[in-house]
$ cat input36.cif   # mmCIF, C-alpha atoms and all ligand atoms
data_final
#
loop_
_atom_site.label_atom_id
_atom_site.label_comp_id
_atom_site.auth_asym_id
_atom_site.auth_seq_id
_atom_site.Cartn_x
_atom_site.Cartn_y
_atom_site.Cartn_z
CA MET A 12 -20.92 -2.60 23.10
CA ALA A 13 -22.98 -5.73 23.51
CA SER A 14 -23.95 -7.02 26.90
CA SER A 15 -21.65 -9.99 26.34
CA CYS A 16 -18.81 -7.55 26.80
CA THR A 17 -17.61 -8.30 30.28
CA GLY A 18 -14.20 -8.93 31.71
CA ASN A 19 -12.22 -8.78 34.88
CA CYS A 20 -11.56 -5.52 36.63
CA PHE A 21 -8.03 -4.49 35.77
CA VAL A 22 -7.40 -3.47 39.39
CA CYS A 23 -9.20 -5.96 41.67
CA GLY A 24 -9.97 -8.81 39.26
CA GLN A 25 -13.71 -8.95 39.98
CA GLN A 26 -16.13 -9.43 37.15
CA ALA A 27 -16.79 -6.07 35.52
CA SER A 28 -18.98 -4.71 32.76
CA GLN A 29 -17.66 -1.15 32.53
CA TRP A 30 -14.56 -0.06 30.66
CA CYS A 31 -12.43 2.96 29.93
CA SER A 32 -14.29 4.83 27.21
CA LYS A 33 -11.14 6.46 25.85
CA CYS A 34 -9.65 3.17 24.64
CA SER A 35 -12.86 1.18 24.04
CA GLU A 36 -11.78 0.57 20.42
CA GLY A 37 -8.11 0.12 21.27
CA LEU A 38 -6.18 -2.96 20.18
CA ASP A 39 -3.72 -5.41 21.69
CA LYS A 40 -0.45 -6.44 20.02
CA ASP A 41 -2.21 -8.88 17.69
CA GLY A 42 -4.79 -6.34 16.59
CA ASN A 43 -7.63 -7.71 18.72
CA PRO A 44 -9.98 -5.45 20.71
CA ALA A 45 -8.54 -4.83 24.16
CA PRO A 46 -10.87 -2.78 26.37
CA THR A 47 -9.71 -2.18 29.94
CA PHE A 48 -12.47 -3.22 32.38
CA TYR A 49 -13.24 -1.75 35.78
CA CYS A 50 -15.80 -2.91 38.34
CA GLY A 51 -16.57 0.70 39.21
CA ARG A 52 -15.45 4.27 39.69
CA GLU A 53 -13.17 3.53 42.59
CA CYS A 54 -10.96 1.03 40.79
CA GLN A 55 -10.86 3.17 37.67
CA ALA A 56 -9.78 6.23 39.66
CA ALA A 57 -7.04 4.21 41.37
CA ASP A 58 -5.64 3.16 37.99
CA TYR A 59 -6.28 6.40 36.11
CA LYS A 60 -2.81 7.95 36.15
CA LYS A 61 -0.99 4.78 35.17
CA HIS A 62 -3.59 3.73 32.63
CA SER A 63 -3.80 6.99 30.69
CA LYS A 64 -0.03 7.15 30.18
CA GLY A 65 0.34 3.43 29.56
CA LEU A 66 -2.19 0.90 28.28
CA CYS A 67 -4.70 3.51 27.13
CA LYS A 68 -2.16 5.29 24.97
CA GLU A 69 -0.68 2.07 23.58
CA ALA A 70 -4.05 0.54 22.71
CA ASN A 71 -5.05 3.66 20.81
CA ALA A 72 -1.69 3.88 19.04
CA ARG A 73 -2.19 0.31 17.82
CA LYS A 74 -5.68 1.16 16.64
CA GLN A 75 -4.21 4.01 14.62
CA LEU A 76 -1.46 1.75 13.28
CA TYR A 77 -3.76 -1.13 12.25
CA ARG A 78 -6.25 1.22 10.60
CA GLY A 79 -3.45 3.16 8.90
CA ALA A 80 -1.90 -0.04 7.53
CA GLN A 81 -5.31 -1.17 6.27
CA LEU A 82 -5.84 2.18 4.58
CA LEU A 83 -2.43 1.88 2.90
CA GLN A 84 -3.38 -1.55 1.61
CA ASP A 85 -6.77 -0.35 0.32
CA LEU A 86 -5.04 2.56 -1.42
CA PHE A 87 -2.41 0.21 -2.85
CA TYR A 88 -5.02 -2.10 -4.38
CA ALA A 89 -6.96 0.86 -5.79
CA TYR A 90 -3.74 2.26 -7.25
CA ARG A 91 -2.73 -1.05 -8.81
CA GLU A 92 -6.15 -1.59 -10.28
CA ALA A 93 -6.09 1.89 -11.85
CA ALA A 94 -2.52 1.44 -13.12
CA PHE A 95 -2.40 -2.29 -13.93
CA ASP A 96 0.40 -2.98 -16.40
CA LEU A 97 0.30 -6.69 -17.25
CA LYS A 98 -1.37 -7.92 -20.41
CA ILE A 99 -2.87 -11.18 -19.16
CA GLU A 100 -4.29 -13.44 -21.85
CA ARG A 101 -5.14 -16.54 -19.86
CA ALA A 102 -5.13 -17.68 -16.23
CA GLU A 103 -5.44 -21.06 -14.62
CA ILE A 104 -5.21 -22.57 -11.17
CA THR A 105 -2.30 -25.04 -10.98
CA ASP A 106 -1.62 -26.87 -7.70
CA GLY A 107 -3.82 -24.37 -5.92
CA LYS A 108 -1.87 -21.39 -7.23
CA LEU A 109 -2.67 -18.85 -9.86
CA HIS A 110 -0.70 -19.21 -13.09
CA VAL A 111 -1.03 -16.36 -15.56
CA PHE A 112 -0.08 -16.24 -19.22
CA GLU A 113 1.24 -12.83 -20.06
CA ALA A 114 1.72 -11.63 -23.60
CA TYR A 115 5.31 -10.62 -24.17
CA PHE A 116 4.74 -7.06 -25.01
CA ASP A 117 7.05 -4.57 -26.63
CA HIS A 118 5.42 -1.23 -26.00
CA ARG A 119 7.58 0.39 -28.64
CA ALA A 120 6.00 -1.74 -31.31
CA GLU A 121 2.42 -1.46 -30.11
CA ASP A 122 0.08 1.41 -29.99
CA ASN A 123 -1.84 0.52 -26.84
CA GLY A 124 -0.69 0.26 -23.25
CA PRO A 125 1.33 0.71 -21.15
CA LEU A 126 -1.66 0.04 -18.88
CA PHE A 127 -4.40 -2.56 -19.24
CA PRO A 128 -7.73 -3.10 -17.53
CA PHE A 129 -7.51 -5.67 -14.74
CA PRO A 130 -8.74 -9.00 -16.19
CA ASP A 131 -11.65 -9.58 -13.80
CA ASP A 132 -13.20 -12.17 -16.10
CA LEU A 133 -10.01 -14.30 -16.06
CA VAL A 134 -9.38 -13.91 -12.31
CA PRO A 135 -12.77 -13.99 -10.55
CA ASP A 136 -11.52 -15.03 -7.09
CA ALA A 137 -11.01 -12.09 -4.70
CA ASN A 138 -7.77 -13.44 -3.18
CA ASP A 139 -6.33 -14.32 -6.58
CA LYS A 140 -7.11 -10.80 -7.65
CA LYS A 141 -5.17 -9.42 -4.68
CA ALA A 142 -2.24 -11.72 -5.52
CA LEU A 143 -2.20 -10.54 -9.12
CA LEU A 144 -2.57 -6.87 -8.19
CA SER A 145 0.49 -7.16 -5.95
CA PHE A 146 2.47 -9.42 -8.31
CA LEU A 147 5.83 -7.76 -9.09
CA ALA A 148 4.44 -4.55 -7.58
CA CYS A 149 5.61 -4.71 -3.95
CA GLN A 150 8.45 -2.27 -4.63
CA GLU A 151 5.86 0.31 -5.59
CA VAL A 152 4.74 0.49 -1.96
CA PRO A 153 7.95 2.11 -0.63
CA GLY A 154 8.70 3.48 -4.12
CA ASN A 155 5.48 5.26 -5.05
CA MET A 156 3.64 5.53 -1.73
CA ALA A 157 6.50 6.88 0.41
CA GLU A 158 4.85 10.20 1.17
CA LEU A 159 1.60 8.52 2.19
CA ILE A 160 3.40 5.95 4.31
CA LYS A 161 5.24 8.73 6.07
CA LYS A 162 2.03 10.68 6.57
CA ILE A 163 0.12 7.68 7.91
CA LEU A 164 2.80 6.07 10.08
CA ASP A 165 4.56 9.21 11.23
CA GLY A 166 3.37 10.44 14.58
CA ILE A 167 2.51 6.92 15.71
CA CYS A 168 6.15 6.29 16.49
CA ASP A 169 9.46 8.03 16.16
CA PHE A 170 9.49 7.86 12.40
CA ASN A 171 13.12 8.18 11.48
CA SER A 172 14.46 5.54 13.80
CA GLY A 173 11.33 3.42 13.75
CA VAL A 174 10.47 2.71 10.13
CA HIS A 175 12.49 0.69 7.66
CA GLU A 176 12.10 -0.82 4.26
CA LEU A 177 12.32 -4.60 4.48
CA ASP A 178 13.61 -6.54 1.55
CA TYR A 179 13.57 -10.32 1.80
CA VAL A 180 13.23 -13.74 0.20
CA PRO A 181 9.82 -15.16 1.09
CA LYS A 182 9.25 -18.85 1.82
CA GLN A 183 8.34 -20.30 -1.55
CA LYS A 184 5.58 -22.54 -0.14
CA HIS A 185 3.42 -19.44 0.35
CA TRP A 186 4.07 -17.89 -3.06
CA ARG A 187 0.66 -17.52 -4.74
CA ILE A 188 1.42 -16.81 -8.33
CA SER A 189 3.52 -17.80 -11.32
CA ARG A 190 3.61 -16.72 -14.91
CA THR A 191 4.48 -17.65 -18.42
CA GLN A 192 5.66 -14.65 -20.36
CA GLY A 193 5.48 -15.13 -24.09
CA ASN A 194 6.32 -18.86 -24.24
CA VAL A 195 8.77 -18.75 -21.38
CA LEU A 196 8.04 -19.92 -17.86
CA ASP A 197 9.37 -17.27 -15.46
CA THR A 198 11.55 -19.16 -12.98
CA ASN A 199 12.85 -16.17 -11.05
CA VAL A 200 12.85 -16.43 -7.28
CA PHE A 201 11.27 -13.11 -6.47
CA ARG A 202 12.10 -11.00 -3.47
CA HIS A 203 9.47 -9.13 -1.56
CA ALA A 204 9.39 -5.59 -0.21
CA ALA A 205 7.51 -4.51 2.92
CA ILE A 206 7.75 -1.93 5.70
CA GLY A 207 9.05 -2.61 9.21
CA ILE A 208 7.94 -0.43 12.07
CA SER A 209 9.14 -0.34 15.68
CA PHE A 210 7.49 1.30 18.66
CA LEU A 211 9.40 2.76 21.55
CA ASN A 212 7.81 0.16 23.85
CA GLY A 213 9.44 -2.62 21.81
CA ASP A 214 6.46 -3.63 19.67
CA GLN A 215 7.53 -4.42 16.12
CA TYR A 216 5.35 -4.94 13.07
CA VAL A 217 5.54 -5.61 9.37
CA VAL A 218 3.23 -3.41 7.32
CA ASP A 219 2.74 -5.32 4.09
CA PRO A 220 0.19 -3.87 1.65
CA ALA A 221 1.46 -6.04 -1.23
CA GLY A 222 1.90 -9.31 0.67
CA ALA A 223 -0.80 -11.16 -1.27
CA GLN A 224 1.68 -12.23 -3.95
CA CYS A 225 3.40 -14.35 -1.30
CA GLY A 226 0.22 -15.49 0.38
CA GLN A 227 0.16 -12.90 3.16
CA TYR A 228 -3.12 -11.02 2.87
CA GLN A 229 -3.12 -8.98 6.08
CA ALA A 230 -2.10 -5.33 5.93
CA ILE A 231 -0.07 -5.64 9.14
CA VAL A 232 1.40 -8.52 11.16
CA PRO A 233 3.45 -8.54 14.39
CA PHE A 234 7.10 -8.93 13.41
CA ALA A 235 7.71 -12.14 15.38
CA ASP A 236 4.77 -13.93 13.72
CA TYR A 237 5.79 -12.66 10.33
CA ARG A 238 9.38 -13.82 10.81
CA GLN A 239 8.26 -17.30 11.80
CA GLU A 240 5.93 -17.73 8.85
CA TYR A 241 7.20 -15.77 5.87
CA PHE A 242 10.93 -14.96 5.95
CA GLU A 243 13.20 -17.58 4.42
CA TYR A 244 16.16 -15.66 5.90
CA LEU A 245 16.21 -12.52 7.99
CA PRO A 246 15.39 -9.54 5.80
CA ASN A 247 17.59 -6.63 4.83
CA PHE A 248 16.63 -3.58 6.84
CA ARG A 249 17.02 -0.58 4.61
CA LYS A 250 16.69 3.09 5.25
CA PHE A 251 13.20 4.36 4.55
CA GLY A 252 13.14 6.42 1.35
CA ARG A 253 15.58 4.22 -0.53
CA SER A 254 12.98 2.89 -2.97
CA ALA A 255 11.56 6.35 -3.63
CA GLU A 256 15.10 7.48 -4.44
CA MET A 257 15.51 4.50 -6.76
CA GLN A 258 12.24 5.37 -8.49
CA LYS A 259 13.53 8.88 -9.06
CA ASN A 260 16.77 7.54 -10.54
CA ILE A 261 14.87 5.21 -12.87
CA LEU A 262 12.94 8.15 -14.23
CA ASN A 263 15.86 10.55 -14.56
CA GLY A 264 17.86 7.87 -16.35
CA SER A 265 20.82 7.76 -13.97
CA ILE A 266 20.61 4.00 -13.32
CA ARG A 267 19.57 3.02 -16.83
CA ASP A 268 22.42 0.56 -17.23
CA GLN A 269 21.23 -1.55 -14.30
CA LEU A 270 17.73 -1.98 -15.61
CA GLY A 271 18.21 -4.10 -18.70
CA PRO A 272 17.09 -3.53 -22.27
CA ARG A 273 13.50 -4.61 -21.78
CA PHE A 274 12.77 -2.25 -18.95
CA ASP A 275 9.67 -0.30 -19.87
CA PHE A 276 10.02 3.30 -18.78
CA ARG A 277 6.55 4.14 -19.99
CA VAL A 278 5.05 2.09 -17.20
CA SER A 279 7.18 3.89 -14.60
CA PHE A 280 6.19 7.28 -15.98
CA VAL A 281 2.47 6.66 -15.96
CA GLN A 282 2.50 4.88 -12.61
CA ARG A 283 4.37 7.76 -11.09
CA GLU A 284 1.71 10.14 -12.36
CA VAL A 285 -1.05 7.94 -10.96
CA SER A 286 0.69 7.65 -7.60
CA LYS A 287 1.19 11.42 -7.52
CA THR A 288 -2.56 11.75 -8.05
CA MET A 289 -3.15 9.41 -5.11
CA THR A 290 -0.96 11.49 -2.79
CA PHE A 291 -2.31 14.79 -4.10
CA THR A 292 -5.92 13.68 -3.60
CA VAL A 293 -5.34 12.47 -0.05
CA ASN A 294 -3.65 15.80 0.75
CA GLY A 295 -6.58 17.64 -0.85
CA TRP A 296 -9.08 15.62 1.14
CA GLU A 297 -7.33 16.44 4.41
CA GLU A 298 -7.23 20.11 3.52
CA SER A 299 -10.82 20.42 2.33
CA HIS A 300 -12.15 18.53 5.37
CA GLU A 301 -9.72 20.23 7.74
CA LYS A 302 -8.98 16.83 9.14
CA PRO A 303 -5.47 15.33 9.09
CA LEU A 304 -5.31 11.58 8.44
CA ALA A 305 -4.12 10.98 12.00
CA ASN A 306 -7.44 12.42 13.21
CA VAL A 307 -9.37 10.35 10.67
CA LEU A 308 -7.73 7.19 11.98
CA ASN A 309 -8.45 8.08 15.59
CA GLN A 310 -12.19 8.62 15.22
CA LYS A 311 -14.88 6.25 16.43
CA GLN A 312 -15.32 3.26 14.13
CA ALA A 313 -18.41 4.49 12.24
CA GLU A 314 -16.98 7.93 11.44
CA PHE A 315 -13.63 6.42 10.52
CA GLN A 316 -15.28 4.02 8.07
CA LYS A 317 -17.31 6.79 6.48
CA ASP A 318 -14.22 8.97 5.92
CA ARG A 319 -12.13 6.04 4.74
CA ASP A 320 -14.76 5.05 2.14
CA ASP A 321 -14.95 8.66 1.01
CA ILE A 322 -11.17 8.93 0.65
CA LEU A 323 -10.93 5.67 -1.30
CA ASP A 324 -13.79 6.70 -3.52
CA VAL A 325 -12.38 10.05 -4.52
CA VAL A 326 -8.80 8.75 -4.86
CA THR A 327 -10.01 5.96 -7.15
CA LYS A 328 -11.93 8.42 -9.33
CA HIS A 329 -8.95 10.74 -9.65
CA MET A 330 -6.54 7.93 -10.48
CA ARG A 331 -8.84 6.72 -13.25
CA LEU A 332 -9.05 10.23 -14.65
CA THR A 333 -5.26 10.48 -14.62
CA VAL A 334 -4.94 7.24 -16.60
CA GLN A 335 -7.54 8.48 -19.08
CA TRP A 336 -5.59 11.70 -19.43
CA TRP A 337 -2.46 9.81 -20.48
CA GLU A 338 -4.48 7.94 -23.05
CA MET A 339 -6.15 11.04 -24.53
CA PRO A 340 -4.75 12.63 -27.72
CA GLU A 341 -4.13 15.93 -25.92
CA GLY A 342 -2.45 14.20 -22.98
CA PRO A 343 1.33 13.86 -22.53
CA LYS A 344 3.23 11.49 -24.82
CA ILE A 345 6.18 9.29 -24.09
CA THR A 346 8.47 9.01 -27.06
CA TYR A 347 11.83 7.31 -27.54
CA ASP A 348 14.97 7.38 -29.59
CA GLU A 349 16.87 4.26 -30.54
CA VAL A 350 20.62 4.57 -30.74
CA ARG A 351 22.60 1.71 -32.25
CA GLN A 352 25.85 1.06 -30.39
CA GLY A 353 29.15 -0.10 -31.88
CA ASP A 354 28.56 -3.69 -30.74
CA GLY A 355 25.22 -3.80 -32.54
CA SER A 356 23.08 -3.44 -29.44
CA VAL A 357 20.36 -0.80 -29.33
CA ASP A 358 19.96 1.71 -26.54
CA VAL A 359 16.57 3.27 -26.01
CA TYR A 360 16.20 6.79 -24.69
CA TYR A 361 12.75 7.76 -23.48
CA LYS A 362 11.42 11.25 -23.06
CA VAL A 363 8.10 12.77 -22.17
CA GLU A 364 6.51 15.31 -24.46
CA ASP A 365 4.43 17.82 -22.58
CA ALA A 366 0.70 17.60 -22.90
CA LYS A 367 -1.03 19.72 -25.50
CA GLY A 368 -3.96 20.37 -23.18
CA SER A 369 -3.85 21.31 -19.52
CA TRP A 370 -4.33 18.88 -16.64
CA PRO A 371 -7.61 17.02 -17.19
CA PRO A 372 -10.38 19.56 -16.69
CA GLU A 373 -12.69 17.02 -15.03
CA MET A 374 -10.12 16.56 -12.36
CA ASP A 375 -9.76 20.25 -11.58
CA GLU A 376 -13.51 20.47 -11.35
CA MET A 377 -13.71 17.50 -9.04
CA TYR A 378 -11.01 18.87 -6.82
CA GLU A 379 -12.79 22.22 -6.64
CA MET A 380 -16.06 20.50 -5.78
CA MET A 381 -14.37 18.56 -3.05
CA ARG A 382 -12.98 21.76 -1.58
CA ARG A 383 -16.41 23.36 -1.53
CA GLU A 384 -18.13 20.43 0.16
ZN ZN B 401 -12.32 -3.43 40.67
ZN ZN B 402 -8.26 3.76 28.38
#
$ encode --input "input36.cif" --output "structure tokens"
Amino acid sequence: MASSCTGNCFVCGQQASQWCSKCSEGLDKDGNPAPTFYCGRECQAADYKKHSKGLCKEANARKQLYRGAQLLQDLFYAYREAAFDLKIERAEITDGKLHVFEAYFDHRAEDNGPLFPFPDDLVPDANDKKALLSFLACQEVPGNMAELIKKILDGICDFNSGVHELDYVPKQKHWRISRTQGNVLDTNVFRHAAIGISFLNGDQYVVDPAGAQCGQYQAIVPFADYRQEYFEYLPNFRKFGRSAEMQKNILNGSIRDQLGPRFDFRVSFVQREVSKTMTFTVNGWEESHEKPLANVLNQKQAEFQKDRDDILDVVTKHMRLTVQWWEMPEGPKITYDEVRQGDGSVDVYYKVEDAKGSWPPEMDEMYEMMRRE
């Protein structure tokens, strides 16, 4: 720590330049550094019992939470970039917001897709890119990242009573993005999905990896601040796991009727595979390094950053390989049957044909390599 790091002794209030080393990287409620200063050994010893059970523990729990939320957001962006599913033909800034022109795309009639490279040339601004990566994708956070969310947030608080899925109408003034699909301006008022988390000490937060679409770029925000700024009305608090269940029902066809005729199952299939790769790779990393994510998040800053970069790097590689696999001739195929109903409408039934080859060999190799390292 720099020499400018001084404060008042927590016990006697005198100026102090020493601090508890156990929580030197701990955070306050707003995510700011919050070291506890002591003028010397005597004051620290007097406070030791209370501090180690109280402030010290809380500051470190918040560090773990803020880092975990940031990791979830980094993973979300990497996942969306690997599995981007909008065919953007043009983009412009209108009234300070990003407006995208999306080709109306019937995957049944086209040979390419369901995924497309992210259009970096059309959307060069970093924040616009985040907005577009999260556009219409917020549900994929609780839907496709549930296991990772549980792994990262569990253990910081009492998971089952403390974590919820939030579903809400955001204030439209913050909304960052609009689209024309085909020739039609999309006038839907979109809802937004995020995660709410409560600590036993009363702290409440919104973990919001996909908030960029409604102008909220931070991975985590204290609940009270979030409520003030972003909720139009109070959100629905839903049981954690609901979106993952929904995702399952989309893929097994049991809620087909609710999804509408244009719903593209191919996207859901491939994205599920990519998200499975994300989870599988994180699990593999933990195993091969014999280091659970909770330990990764609790390390000193430099080691944490090194591991985080490594995790993101290998997850990104594996997700790209998974997408390539679905696009290879020997990869799995999604096919469909069209059944004409009595009223003239057409129902589409999708199914996945198993791959001709085995799981991409490069990926097995990479996983093996990672285990040996
Ligand atoms: Zn003192
Ligand atoms: Zn401490």
$ residues_near_ligand --input "input36.cif" --ligand "ligand ZN 401 (chain B)" --cutoff "12 Å" --atoms "all atoms listed in the file" --output "short mmCIF file (atom, residue, chain, number, x, y, z; two decimals) with C-alpha atoms, in the coordinates of the input"
data_model
loop_
_atom_site.label_atom_id
_atom_site.label_comp_id
_atom_site.auth_asym_id
_atom_site.auth_seq_id
_atom_site.Cartn_x
_atom_site.Cartn_y
_atom_site.Cartn_z
CA GLY A 18 -14.20 -8.93 31.71
CA ASN A 19 -12.22 -8.78 34.88
CA CYS A 20 -11.56 -5.52 36.63
CA PHE A 21 -8.03 -4.49 35.77
CA VAL A 22 -7.40 -3.47 39.39
CA CYS A 23 -9.20 -5.96 41.67
CA GLY A 24 -9.97 -8.81 39.26
CA GLN A 25 -13.71 -8.95 39.98
CA GLN A 26 -16.13 -9.43 37.15
CA ALA A 27 -16.79 -6.07 35.52
CA SER A 28 -18.98 -4.71 32.76
CA GLN A 29 -17.66 -1.15 32.53
CA TRP A 30 -14.56 -0.06 30.66
CA THR A 47 -9.71 -2.18 29.94
CA PHE A 48 -12.47 -3.22 32.38
CA TYR A 49 -13.24 -1.75 35.78
CA CYS A 50 -15.80 -2.91 38.34
CA GLY A 51 -16.57 0.70 39.21
CA ARG A 52 -15.45 4.27 39.69
CA GLU A 53 -13.17 3.53 42.59
CA CYS A 54 -10.96 1.03 40.79
CA GLN A 55 -10.86 3.17 37.67
CA ALA A 56 -9.78 6.23 39.66
CA ALA A 57 -7.04 4.21 41.37
CA ASP A 58 -5.64 3.16 37.99
#
$ closest_residue --input "input36.cif" --among "A:Ala223, A:Leu245, A:Leu86, A:Cys149" --to "Ile206 (chain A)" --atoms "only C-alpha atoms"
A:Cys149
$ residues_around --input "input36.cif" --residues "region 175-186 of chain A" --least-positions-apart "3" --cutoff "6 Å" --atoms "all atoms listed in the file" --output "list of chain:residue names"
A:Arg202, A:His203, A:Ala204, A:Ala205, A:Ile206, A:Gly207, A:Cys225, A:Gly226, A:Tyr241, A:Phe242, A:Glu243, A:Pro246, A:Asn247, A:Phe248, A:Arg249, A:Lys250, A:Phe251
$ closest_residue --input "input36.cif" --among "A:Gly173, A:Gly353, A:Gly213, A:Pro153" --to "Ala255 (chain A)" --atoms "all atoms listed in the file"
A:Pro153
$ atom_distance --input "input36.cif" --atom1 "CA of Met156 (chain A)" --atom2 "CA of Thr290 (chain A)"
7.6 Å
$ residues_near_point --input "input36.cif" --point "(-0.1, -13.2, -5.0)" --cutoff "9 Å" --atoms "only C-alpha atoms" --output "mmCIF file with C-alpha atoms, in the frame of the given file"
data_model
loop_
_atom_site.group_PDB
_atom_site.id
_atom_site.type_symbol
_atom_site.label_atom_id
_atom_site.label_comp_id
_atom_site.auth_asym_id
_atom_site.auth_seq_id
_atom_site.Cartn_x
_atom_site.Cartn_y
_atom_site.Cartn_z
ATOM 1 C CA LYS A 108 -1.870 -21.390 -7.230
ATOM 2 C CA LEU A 109 -2.670 -18.850 -9.860
ATOM 3 C CA ASN A 138 -7.770 -13.440 -3.180
ATOM 4 C CA ASP A 139 -6.330 -14.320 -6.580
ATOM 5 C CA LYS A 140 -7.110 -10.800 -7.650
ATOM 6 C CA LYS A 141 -5.170 -9.420 -4.680
ATOM 7 C CA ALA A 142 -2.240 -11.720 -5.520
ATOM 8 C CA LEU A 143 -2.200 -10.540 -9.120
ATOM 9 C CA LEU A 144 -2.570 -6.870 -8.190
ATOM 10 C CA SER A 145 0.490 -7.160 -5.950
ATOM 11 C CA PHE A 146 2.470 -9.420 -8.310
ATOM 12 C CA HIS A 185 3.420 -19.440 0.350
ATOM 13 C CA TRP A 186 4.070 -17.890 -3.060
ATOM 14 C CA ARG A 187 0.660 -17.520 -4.740
ATOM 15 C CA ILE A 188 1.420 -16.810 -8.330
ATOM 16 C CA SER A 189 3.520 -17.800 -11.320
ATOM 17 C CA ALA A 221 1.460 -6.040 -1.230
ATOM 18 C CA GLY A 222 1.900 -9.310 0.670
ATOM 19 C CA ALA A 223 -0.800 -11.160 -1.270
ATOM 20 C CA GLN A 224 1.680 -12.230 -3.950
ATOM 21 C CA CYS A 225 3.400 -14.350 -1.300
ATOM 22 C CA GLY A 226 0.220 -15.490 0.380
ATOM 23 C CA GLN A 227 0.160 -12.900 3.160
ATOM 24 C CA TYR A 228 -3.120 -11.020 2.870
#
$ closest_residue --input "input36.cif" --among "A:Gln150, A:Ser279, A:Ser265, A:Ser35" --to "ligand ZN 402 (chain B)" --atoms "all atoms listed in the file"
A:Ser35
